Every structure is written in structure tokens, then in C-alpha cells.
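Okay, structure first, notes after.
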Amino acid sequence: MDNKLKVATATLAGCFGCHMSFLDIDERFFELVKHVEFDRTPLTDIKVLGECDLGLIEGGLCNSENVEVLRQFRRQCRILVSVGACAINGGLPAQRNPIPLSVILDEIYLGEAGIAHGLIPNDPELPLPLDKVHPLHEVVKIDYFLPGCPPSADAIWTFLTELLAGREPVLGTELLHYD
Amino acid sequence: MTETFRLDGTDVPFEAGETILQAALKAGRFIPHLCHHPEFRPHGSCKLCTVKVDGRQAASCTRLATSGMKVESETEELNAERLALTQMLFVEGNHFCPSCEKSGDCQLQATAYHLGMTNAHYDHFFPNRPLDASHPDFLLDFNRCILCSLCVRASRDIDNKNVFGLAGRGMASHLIVNSKSGKLVDTDFSVSDKAAHVCPVGVILRKRQGFFIPIGSRTFDKKTIKEYVDTRLGEED
Ligand code: SF4
Ligand code: SF4
Ligand code: FES
């Protein structure tokens, strides 16, 4: 079955809720895998991203690694989709945006007792946090947006089946929710 | 004899002194709007209700209906502009709906659904506007204010209290509380005020009620903004 569409997914600054909601399509998954093959995704544990037809990204951008992964997805995926509130508007992680990053780091690592021994972690292995949390479309071109916190399994299913059928995916009012 | 104007190709009757929006809503025709409320004098600030009157744009909530005028509303062009205005309202404040007590009861959100908004398109401002939790029964979250002035009009014109005001101009416009400390607790604002019940978004929030009705069972989980306007016209708040 070489004509299966290749799909990759990733979680950036998100909570995995969108992926869980994706799994909530339940037995419809069996139907889905007749038409798609998964590439890099937390579901397959494939670590290297190949060329894909569709990339689904949950979560916004809160550190340099998120940006790197997003750019990689944009290079490798024909169609790239922002899935869920965090990817679309920064979501919960972006609620830190009104507070300066230095104030947050001081409060967490220097103010709280017992965390990181009173030091702000600076191991070169750690991705640097961004000054602000950003939605994906502020950094790369996004082809479609699937809102919701998380989008319901029905919304995800409708979106995917419309796309697989070669139609422009449009969510009706009963599937369009921001909460 | 009643006079009429044409709205998107069909006749709408009106009485002298009625605005285009008033007449349209009375006739069961929906034109998106946020700062208009049937019980208040128009403010004309959100521009969501913009239509074309004989080819020129006008706010339908402030423009009086006249006989024979040709009004366009449901066009791709106007709805695209309404969407852009709505997206600007979203990025200008902090509208994180999943944590907002008003989610599902919010007219900004419902209008965005109506316009098919899937993202806010523009870069978010992420402003920092501290809350006012001073009042024992109410919380003010200024991060969601769309400056519609409904609370201002309600408090001034109906409650005769003048608790709220809009200050500053342009980008610096913001909602203020008219008390010496600027805090709500130092006003005579109370739950029986009309102003306590008109905010179309999640700014003026009754404490300890937020999740009384769970998300998923709220106003706009059951009806669209279009149907909501229909029912609101007939009922007392
Ligand atoms: S006021 Fe409305 S649009 Fe803004 S966060 Fe609350 S529910 Fe969402
Ligand atoms: S607090 Fe609510 S009612 Fe008052 S101006 Fe802001 S959005 Fe309008
Ligand atoms: S409803 Fe007309 S300008 Fe706001």
C-alpha cells in the first residue's frame, strides 16, 4: 500500500491533551490506518522525520527546541496543521507572557526552596526558553488550524476525513470550539 | 403605510427613527454586532455591524433606515472584514477561552464561531492588565475588555451610578472604575445593577458562580449567536 498518506505529529509546548483527544477517535483509528502511515510521532516512537504529506502539531513555542522541530516539520510536511489552543494562540503556557522571563526564573529557581539548589539551570543540553511563548503561525506558514482545548475527537476525525477525501476541511459550528 | 429598505435583496420594513440594525433584527435578519444592545442607545464603536448602504460602508447600528435604501450585509467582503475586526479584538486582549468563566456564554466567542474564525491571524499583544478582585461579589478581568461601553451605558443611563468609564484614546483606550482608588469595592456597584449583567465578554464576573453551569451546557453550546439574538429580543434580561 504505497499510496498511503504519510502523517507525522509532534507535541511542542502542549500537554499531550490534543494527542489524547486524537486517540479518542477510538475504533475509527482502524479506518484511519487503512489510509495513512505514521512517520515521526509520539505514537510510533520514530525519532527521525521523513518526508510527509501531513504534519499535525500540538503546542506552541516556548523554547529553542520547539522552534527547531517546527521548522523541520515545515520543511518536511506538505500540509502543516496547528492543532489546539496552544498551537493556535499560545494557550496555557502563554499565560506567562505578561510576566518578564527573568522574574519567572528568579521566582521559581531562586525564590522557591528546594528546587535546583538555588541556581537557574544553564546546562548547554537544555533548550533555551523563549522570551515569550508564541503561536506557530507567528514563525512558519500554517496551512490549517484546528481549534479547541483540546479539539474534540469528532472535530479531529471530521478534519482528517475531509482532508483525506481531498476537500477543504471546514468545521461546522457544532465542532468549532475554543474551550 | 410602512416604509421598507432592501437588505441583501429582500424588503425589510421599518418605522421612522429606527436604525438599519434595529429594523433588521426585528425582521429576524441577523447582522453581526457586539456593542449594540437592544435596550441601549447605540455606541457605534465595534464596527462589526458594518454594512454597505448604497455602495458605501456604514455602521448599521447608528445609521437610520430610510425608504428604498439598498443595504448589503451578507457578502464575502463584509464578512471578511468582520472576521479581521474580530481577530484584532482577540489579539488585543488576552482571550484564553479555556480558562475563562464566560466561555460558552461569551458573545465575542460566539461571533467568532459565527464568522468561522479558526485562528487570530495577527500577532498577539499579550498585554498585562491586573485584575480587580477588590469587590466581595464581583471580579473584573480587564484583559478581556472589548471597550463596547455597555457597562458604561448601563451604569450611567439605567443604574444612575456611573461606576464605569472609558479613558484614554486609540491604542491607549481602556476601561476604568470611577472611584478615588480606582477599585470596584469603593463604588456602590451591586448585583442588582443592570451593569452587572450586560458585559458581552468575560470582564465583569460574579464571584463563586463561574462554573455553576459546566462548559458544554452553556448558551452558545446550545444555540448560535444568531438564534440568541432572536430570543433576546423578546425577553427581559
Ligand atoms: S471573553 Fe470570550 S473570547 Fe475572551 S477569553 Fe472569555 S470566552 Fe474567550
Ligand atoms: S467591561 Fe464588558 S461591558 Fe464594559 S466595556 Fe468592557 S467589554 Fe464592554
Ligand atoms: S454594533 Fe454597530 S458598531 Fe458595534
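Numbering starts fresh at 1 for the residues of each chain in the C-alpha cells, the chains themselves are lettered A, B, ... in the order given, and ligands are numbered from 1 as they appear.
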**chain B contacts on chain A, only C-alpha atoms, 9 Å, as number ranges by chain** = A: 85, 88-92, 94-95, 97-99, 134-135, 137-138, 144-149, 170-174, 176-179
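Shell of Gln72 of chain A at 10 Å, with only C-alpha atoms counted and residues fewer than 5 places along the chain excluded, is Leu49, Gly50, Asn66, Val67 and Cys77 of chain A.
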Counting only C-alpha atoms, what is within 9 Å of Pro42 of chain A, bar same-chain residues fewer than 5 positions away, as a ChimeraX atom specification?
-> /A:9-11,19,47
Open item on the list: With distances taken over only C-alpha atoms, which residue among B:Arg218, B:Asp11, B:Gly68, B:Ala84 lies nearest Lys47 of chain B?
Closed with: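 Answer, going by the shortest atom-to-atom distance: B:Ala84.
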Listing only residues of chain B within 7 Å of ligand 3, what is the closest atom pair and its distance in Å (to one decimal) for each, using only C-alpha atoms and all ligand atoms, sorted by chain and residue number ascending, as a Markdown table?
| residue | atom | partner | partner_atom_place_in_ligand_line | distance |
| --- | --- | --- | --- | --- |
| B:His33 | CA | ligand 3 | 1 (S) | 3.9 |
| B:Leu34 | CA | ligand 3 | 1 (S) | 4.9 |
| B:Cys35 | CA | ligand 3 | 4 (Fe) | 4.0 |
| B:His36 | CA | ligand 3 | 1 (S) | 4.2 |
| B:His43 | CA | ligand 3 | 3 (S) | 6.5 |
| B:Gly44 | CA | ligand 3 | 3 (S) | 3.4 |
| B:Ser45 | CA | ligand 3 | 3 (S) | 4.4 |
| B:Cys46 | CA | ligand 3 | 4 (Fe) | 3.8 |
| B:Lys47 | CA | ligand 3 | 3 (S) | 3.7 |
| B:Leu48 | CA | ligand 3 | 4 (Fe) | 5.5 |
| B:Cys49 | CA | ligand 3 | 2 (Fe) | 4.5 |
| B:Thr50 | CA | ligand 3 | 2 (Fe) | 6.6 |
| B:Ala59 | CA | ligand 3 | 2 (Fe) | 5.2 |
| B:Ser60 | CA | ligand 3 | 2 (Fe) | 5.8 |
| B:Cys61 | CA | ligand 3 | 2 (Fe) | 4.3 |
| B:Thr62 | CA | ligand 3 | 2 (Fe) | 6.5 |
Distance query Lys226 of chain B at most 9 Å, only C-alpha atoms, self and fewer than 3 positions along chain excluded, as a PyMOL selection string: chain B and resi 29-32+111+114+223+229-230
- Please write out the residues within 8 Å of ligand 2 as a list in words, counting only C-alpha atoms and all ligand atoms.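 Residues lying within 8 Å of ligand 2: Cys35, Leu140, Phe142, Arg144, Cys145, Ile146, Leu147, Cys148, Ser149, Leu150, Cys151, Val152, Phe164, Leu166, Leu175, Ala195, Val198, Cys199, Pro200, Val201, Gly202, Val203 and Ile204 of chain B.
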Take the residues just selected and output them with N, CA and C atoms as a CSV table (one decimal), in the first residue's frame.
chain,number,residue,atom,x,y,z
B,35,CYS,N,-21.3,45.8,20.1
B,35,CYS,CA,-21.5,46.9,21.1
B,35,CYS,C,-23.0,47.4,21.0
B,140,LEU,N,-13.2,41.8,38.2
B,140,LEU,CA,-13.0,42.5,36.9
B,140,LEU,C,-11.8,41.9,36.3
B,142,PHE,N,-9.8,42.8,33.3
B,142,PHE,CA,-9.7,43.8,32.2
B,142,PHE,C,-9.1,43.2,30.9
B,144,ARG,N,-9.9,41.1,29.1
B,144,ARG,CA,-10.9,40.6,28.0
B,144,ARG,C,-11.8,41.7,27.6
B,145,CYS,N,-11.6,43.0,28.0
B,145,CYS,CA,-12.5,44.1,27.7
B,145,CYS,C,-12.4,44.4,26.2
B,146,ILE,N,-13.5,44.5,25.5
B,146,ILE,CA,-13.5,44.9,24.1
B,146,ILE,C,-14.0,46.3,23.9
B,147,LEU,N,-14.1,47.1,25.0
B,147,LEU,CA,-14.4,48.5,25.0
B,147,LEU,C,-15.8,48.8,24.3
B,148,CYS,N,-16.7,47.9,24.5
B,148,CYS,CA,-18.0,48.1,23.9
B,148,CYS,C,-18.9,49.2,24.6
B,149,SER,N,-18.5,49.5,25.8
B,149,SER,CA,-19.1,50.6,26.6
B,149,SER,C,-20.5,50.2,27.1
B,150,LEU,N,-20.9,48.9,27.0
B,150,LEU,CA,-22.2,48.6,27.5
B,150,LEU,C,-22.4,48.7,29.0
B,151,CYS,N,-21.3,48.4,29.8
B,151,CYS,CA,-21.3,48.6,31.2
B,151,CYS,C,-21.4,50.1,31.6
B,152,VAL,N,-20.7,50.9,30.8
B,152,VAL,CA,-20.7,52.3,31.0
B,152,VAL,C,-22.1,52.9,30.8
B,164,PHE,N,-18.6,52.8,35.7
B,164,PHE,CA,-17.5,52.6,34.8
B,164,PHE,C,-17.3,53.7,33.8
B,166,LEU,N,-14.8,54.9,30.0
B,166,LEU,CA,-13.7,54.5,29.1
B,166,LEU,C,-12.7,55.7,29.1
B,175,LEU,N,-10.8,50.6,30.0
B,175,LEU,CA,-11.9,50.7,31.0
B,175,LEU,C,-11.4,51.1,32.3
B,195,ALA,N,-25.7,47.1,35.0
B,195,ALA,CA,-24.3,47.0,34.6
B,195,ALA,C,-23.6,45.7,35.0
B,198,VAL,N,-24.5,43.1,31.7
B,198,VAL,CA,-24.5,43.4,30.3
B,198,VAL,C,-23.2,43.1,29.6
B,199,CYS,N,-22.1,42.8,30.3
B,199,CYS,CA,-20.8,42.6,29.7
B,199,CYS,C,-20.9,41.4,28.7
B,200,PRO,N,-20.7,41.6,27.4
B,200,PRO,CA,-20.8,40.5,26.5
B,200,PRO,C,-19.7,39.5,26.5
B,201,VAL,N,-18.6,39.9,27.2
B,201,VAL,CA,-17.4,39.0,27.3
B,201,VAL,C,-17.1,38.8,28.8
B,202,GLY,N,-16.0,38.2,29.1
B,202,GLY,CA,-15.7,37.8,30.5
B,202,GLY,C,-14.9,38.8,31.3
B,203,VAL,N,-15.4,40.1,31.4
B,203,VAL,CA,-14.7,41.1,32.3
B,203,VAL,C,-15.4,41.2,33.6
B,204,ILE,N,-16.7,41.4,33.6
B,204,ILE,CA,-17.5,41.7,34.9
B,204,ILE,C,-18.0,40.3,35.3
* To do: Step one, run DSSP on the backbone; step two, keep only residues of segment 27-202 of chain B assigned to helix (DSSP H, G or I); then write them as a PyMOL selection string.
  => chain B and resi 76-92+97-99+107-114+142-144+150-158+170-172+184-186+194-196
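Distances here use only C-alpha atoms and all ligand atoms; by that measure, the residue among B:Leu205, B:Ala58, B:Ile20, B:Leu83 closest to ligand 1 is B:Leu205.
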Exercise. Using only C-alpha atoms, determine which residues lie at most 9 Å from segment 24-39 of chain A, disregarding the query and same-chain residues fewer than 3 positions distant; provide the list as number ranges by chain.
Key: A: 1, 3-9, 19-21, 43-52, 152-154, 156-157, 160-161, 164
Export, as a PDB file, in the first residue's frame, the selected residues with N, CA and C atoms.
ATOM      1  N   MET A   1       0.859  -1.194   0.000  1.00  0.00           N
ATOM      2  CA  MET A   1       0.000   0.000   0.000  1.00  0.00           C
ATOM      3  C   MET A   1       0.891   1.238   0.000  1.00  0.00           C
ATOM      4  N   ASN A   3       0.437   3.990  -1.621  1.00  0.00           N
ATOM      5  CA  ASN A   3      -0.232   5.279  -1.776  1.00  0.00           C
ATOM      6  C   ASN A   3      -0.856   5.800  -0.481  1.00  0.00           C
ATOM      7  N   LYS A   4      -0.439   5.218   0.631  1.00  0.00           N
ATOM      8  CA  LYS A   4      -0.914   5.765   1.913  1.00  0.00           C
ATOM      9  C   LYS A   4      -0.277   7.118   2.163  1.00  0.00           C
ATOM     10  N   LEU A   5      -1.062   7.990   2.773  1.00  0.00           N
ATOM     11  CA  LEU A   5      -0.518   9.305   3.107  1.00  0.00           C
ATOM     12  C   LEU A   5       0.379   9.182   4.338  1.00  0.00           C
ATOM     13  N   LYS A   6       1.491   9.897   4.273  1.00  0.00           N
ATOM     14  CA  LYS A   6       2.397   9.861   5.431  1.00  0.00           C
ATOM     15  C   LYS A   6       2.061  10.995   6.388  1.00  0.00           C
ATOM     16  N   VAL A   7       1.869  10.619   7.653  1.00  0.00           N
ATOM     17  CA  VAL A   7       1.467  11.600   8.656  1.00  0.00           C
ATOM     18  C   VAL A   7       2.472  11.628   9.807  1.00  0.00           C
ATOM     19  N   ALA A   8       2.875  12.826  10.191  1.00  0.00           N
ATOM     20  CA  ALA A   8       3.735  12.975  11.373  1.00  0.00           C
ATOM     21  C   ALA A   8       3.032  13.877  12.378  1.00  0.00           C
ATOM     22  N   THR A   9       3.308  13.655  13.658  1.00  0.00           N
ATOM     23  CA  THR A   9       2.723  14.535  14.674  1.00  0.00           C
ATOM     24  C   THR A   9       3.787  14.885  15.698  1.00  0.00           C
ATOM     25  N   HIS A  19      -3.167  15.082  21.569  1.00  0.00           N
ATOM     26  CA  HIS A  19      -2.878  13.707  21.138  1.00  0.00           C
ATOM     27  C   HIS A  19      -3.849  12.719  21.795  1.00  0.00           C
ATOM     28  N   MET A  20      -4.163  12.961  23.066  1.00  0.00           N
ATOM     29  CA  MET A  20      -5.113  12.075  23.748  1.00  0.00           C
ATOM     30  C   MET A  20      -6.485  12.157  23.073  1.00  0.00           C
ATOM     31  N   SER A  21      -6.857  13.376  22.681  1.00  0.00           N
ATOM     32  CA  SER A  21      -8.144  13.556  22.019  1.00  0.00           C
ATOM     33  C   SER A  21      -8.127  12.854  20.650  1.00  0.00           C
ATOM     34  N   LEU A  43       3.362   8.463  18.970  1.00  0.00           N
ATOM     35  CA  LEU A  43       2.651   7.184  18.952  1.00  0.00           C
ATOM     36  C   LEU A  43       3.510   6.056  18.395  1.00  0.00           C
ATOM     37  N   THR A  44       4.442   6.361  17.492  1.00  0.00           N
ATOM     38  CA  THR A  44       5.280   5.320  16.902  1.00  0.00           C
ATOM     39  C   THR A  44       6.658   5.267  17.525  1.00  0.00           C
ATOM     40  N   ASP A  45       7.056   6.368  18.156  1.00  0.00           N
ATOM     41  CA  ASP A  45       8.400   6.499  18.701  1.00  0.00           C
ATOM     42  C   ASP A  45       9.466   6.574  17.604  1.00  0.00           C
ATOM     43  N   ILE A  46       9.079   6.827  16.343  1.00  0.00           N
ATOM     44  CA  ILE A  46      10.077   7.095  15.301  1.00  0.00           C
ATOM     45  C   ILE A  46      10.667   8.471  15.596  1.00  0.00           C
ATOM     46  N   LYS A  47      11.994   8.546  15.627  1.00  0.00           N
ATOM     47  CA  LYS A  47      12.610   9.798  16.078  1.00  0.00           C
ATOM     48  C   LYS A  47      12.965  10.730  14.919  1.00  0.00           C
ATOM     49  N   VAL A  48      13.197  10.155  13.721  1.00  0.00           N
ATOM     50  CA  VAL A  48      13.650  10.987  12.608  1.00  0.00           C
ATOM     51  C   VAL A  48      12.492  11.250  11.652  1.00  0.00           C
ATOM     52  N   LEU A  49      12.344  12.510  11.340  1.00  0.00           N
ATOM     53  CA  LEU A  49      11.217  12.908  10.500  1.00  0.00           C
ATOM     54  C   LEU A  49      11.552  12.721   9.022  1.00  0.00           C
ATOM     55  N   GLY A  50      10.703  11.921   8.328  1.00  0.00           N
ATOM     56  CA  GLY A  50      10.887  11.754   6.888  1.00  0.00           C
ATOM     57  C   GLY A  50      10.029  12.743   6.127  1.00  0.00           C
ATOM     58  N   GLU A  51       9.945  12.560   4.809  1.00  0.00           N
ATOM     59  CA  GLU A  51       9.063  13.445   4.045  1.00  0.00           C
ATOM     60  C   GLU A  51       7.621  13.029   4.270  1.00  0.00           C
ATOM     61  N   CYS A  52       6.772  13.980   4.572  1.00  0.00           N
ATOM     62  CA  CYS A  52       5.398  13.647   4.935  1.00  0.00           C
ATOM     63  C   CYS A  52       4.389  14.468   4.146  1.00  0.00           C
ATOM     64  N   SER A 152     -12.247  18.298  19.891  1.00  0.00           N
ATOM     65  CA  SER A 152     -12.870  17.012  20.214  1.00  0.00           C
ATOM     66  C   SER A 152     -12.435  15.948  19.206  1.00  0.00           C
ATOM     67  N   ALA A 153     -12.572  14.687  19.615  1.00  0.00           N
ATOM     68  CA  ALA A 153     -12.243  13.587  18.712  1.00  0.00           C
ATOM     69  C   ALA A 153     -13.058  13.712  17.424  1.00  0.00           C
ATOM     70  N   ASP A 154     -14.305  14.126  17.539  1.00  0.00           N
ATOM     71  CA  ASP A 154     -15.149  14.280  16.347  1.00  0.00           C
ATOM     72  C   ASP A 154     -14.625  15.384  15.427  1.00  0.00           C
ATOM     73  N   ILE A 156     -11.474  16.331  15.212  1.00  0.00           N
ATOM     74  CA  ILE A 156     -10.240  15.818  14.603  1.00  0.00           C
ATOM     75  C   ILE A 156     -10.585  14.835  13.489  1.00  0.00           C
ATOM     76  N   TRP A 157     -11.545  13.963  13.767  1.00  0.00           N
ATOM     77  CA  TRP A 157     -11.947  12.962  12.785  1.00  0.00           C
ATOM     78  C   TRP A 157     -12.532  13.631  11.535  1.00  0.00           C
ATOM     79  N   LEU A 160      -9.729  15.274   9.544  1.00  0.00           N
ATOM     80  CA  LEU A 160      -8.868  14.336   8.821  1.00  0.00           C
ATOM     81  C   LEU A 160      -9.596  13.688   7.648  1.00  0.00           C
ATOM     82  N   THR A 161     -10.839  13.283   7.858  1.00  0.00           N
ATOM     83  CA  THR A 161     -11.540  12.602   6.777  1.00  0.00           C
ATOM     84  C   THR A 161     -11.818  13.556   5.613  1.00  0.00           C
ATOM     85  N   LEU A 164      -8.476  13.916   3.853  1.00  0.00           N
ATOM     86  CA  LEU A 164      -8.135  12.688   3.118  1.00  0.00           C
ATOM     87  C   LEU A 164      -8.982  12.551   1.864  1.00  0.00           C
TER      88      LEU A 164
END
### Task
Please identify which residues in chain A DSSP calls strand (DSSP E) from the backbone, and express them as a count of residues only.
36
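Of the residues listed (B:Ala133, B:Leu89, B:Ala172, B:Ile158), B:Leu89 shows the shortest atom-to-atom separation from ligand 1; distances use only C-alpha atoms and all ligand atoms.
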Any idea what's packed within 6 Å of segment 115-131 of chain A, counting only C-alpha atoms, ignoring anything in its chain fewer than 4 positions away? Could you give it as a tab-separated table (two decimals) with all heavy atoms, in the first residue's frame?
chain	number	residue	atom	x	y	z
A	62	CYS	N	7.76	27.46	23.21
A	62	CYS	CA	8.22	28.09	24.44
A	62	CYS	C	9.73	28.03	24.57
A	62	CYS	O	10.30	28.68	25.43
A	62	CYS	CB	7.54	27.51	25.67
A	62	CYS	SG	8.26	26.00	26.28
A	63	ASN	N	10.42	27.23	23.70
A	63	ASN	CA	11.88	27.22	23.77
A	63	ASN	C	12.49	26.98	22.39
A	63	ASN	O	11.77	26.71	21.42
A	63	ASN	CB	12.37	26.19	24.80
A	63	ASN	CG	11.99	24.76	24.41
A	63	ASN	OD1	11.95	24.41	23.23
A	63	ASN	ND2	11.72	23.94	25.40
A	64	SER	N	13.81	27.06	22.32
A	64	SER	CA	14.50	26.99	21.03
A	64	SER	C	14.30	25.64	20.34
A	64	SER	O	14.25	25.56	19.12
A	64	SER	CB	15.99	27.27	21.22
A	64	SER	OG	16.50	26.41	22.22
A	65	GLU	N	14.17	24.58	21.13
A	65	GLU	CA	13.97	23.27	20.51
A	65	GLU	C	12.61	23.20	19.81
A	65	GLU	O	12.49	22.62	18.73
A	65	GLU	CB	14.07	22.16	21.56
A	65	GLU	CG	14.18	20.79	20.94
A	65	GLU	CD	13.40	19.71	21.69
A	65	GLU	OE1	12.72	20.05	22.69
A	65	GLU	OE2	13.44	18.56	21.24
A	101	LEU	N	10.45	37.06	31.68
A	101	LEU	CA	11.02	35.72	31.89
A	101	LEU	C	11.98	35.69	33.08
A	101	LEU	O	11.97	34.74	33.87
A	101	LEU	CB	11.75	35.27	30.61
A	101	LEU	CG	12.34	33.88	30.62
A	101	LEU	CD1	11.28	32.81	30.88
A	101	LEU	CD2	13.06	33.60	29.31
A	109	TYR	N	13.36	29.40	40.61
A	109	TYR	CA	14.61	28.71	40.98
A	109	TYR	C	15.35	29.36	42.16
A	109	TYR	O	16.11	28.70	42.84
A	109	TYR	CB	15.54	28.61	39.76
A	109	TYR	CG	14.98	27.67	38.73
A	109	TYR	CD1	14.42	28.15	37.55
A	109	TYR	CD2	14.99	26.29	38.94
A	109	TYR	CE1	13.89	27.29	36.60
A	109	TYR	CE2	14.47	25.42	38.01
A	109	TYR	CZ	13.91	25.93	36.85
A	109	TYR	OH	13.37	25.08	35.92
A	110	LEU	N	15.13	30.65	42.35
A	110	LEU	CA	15.84	31.30	43.46
A	110	LEU	C	14.94	31.53	44.66
A	110	LEU	O	15.38	31.47	45.80
A	110	LEU	CB	16.46	32.62	42.99
A	110	LEU	CG	17.37	32.52	41.76
A	110	LEU	CD1	17.96	33.89	41.40
A	110	LEU	CD2	18.49	31.51	41.97
List the spatial neighbours of Pro13 of chain B as a list in words - criterion: any atom at most 8 Å away, only C-alpha atoms, same-chain residues fewer than 5 positions off excluded.
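Listing them by chain and then by number gives Thr2, Glu3, Thr4, Phe5, Ala23 and Ala27 of chain B.
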One decimal place gives the atom CA of Val81 of chain A-atom CA of Val133 of chain A separation as 18.2 Å
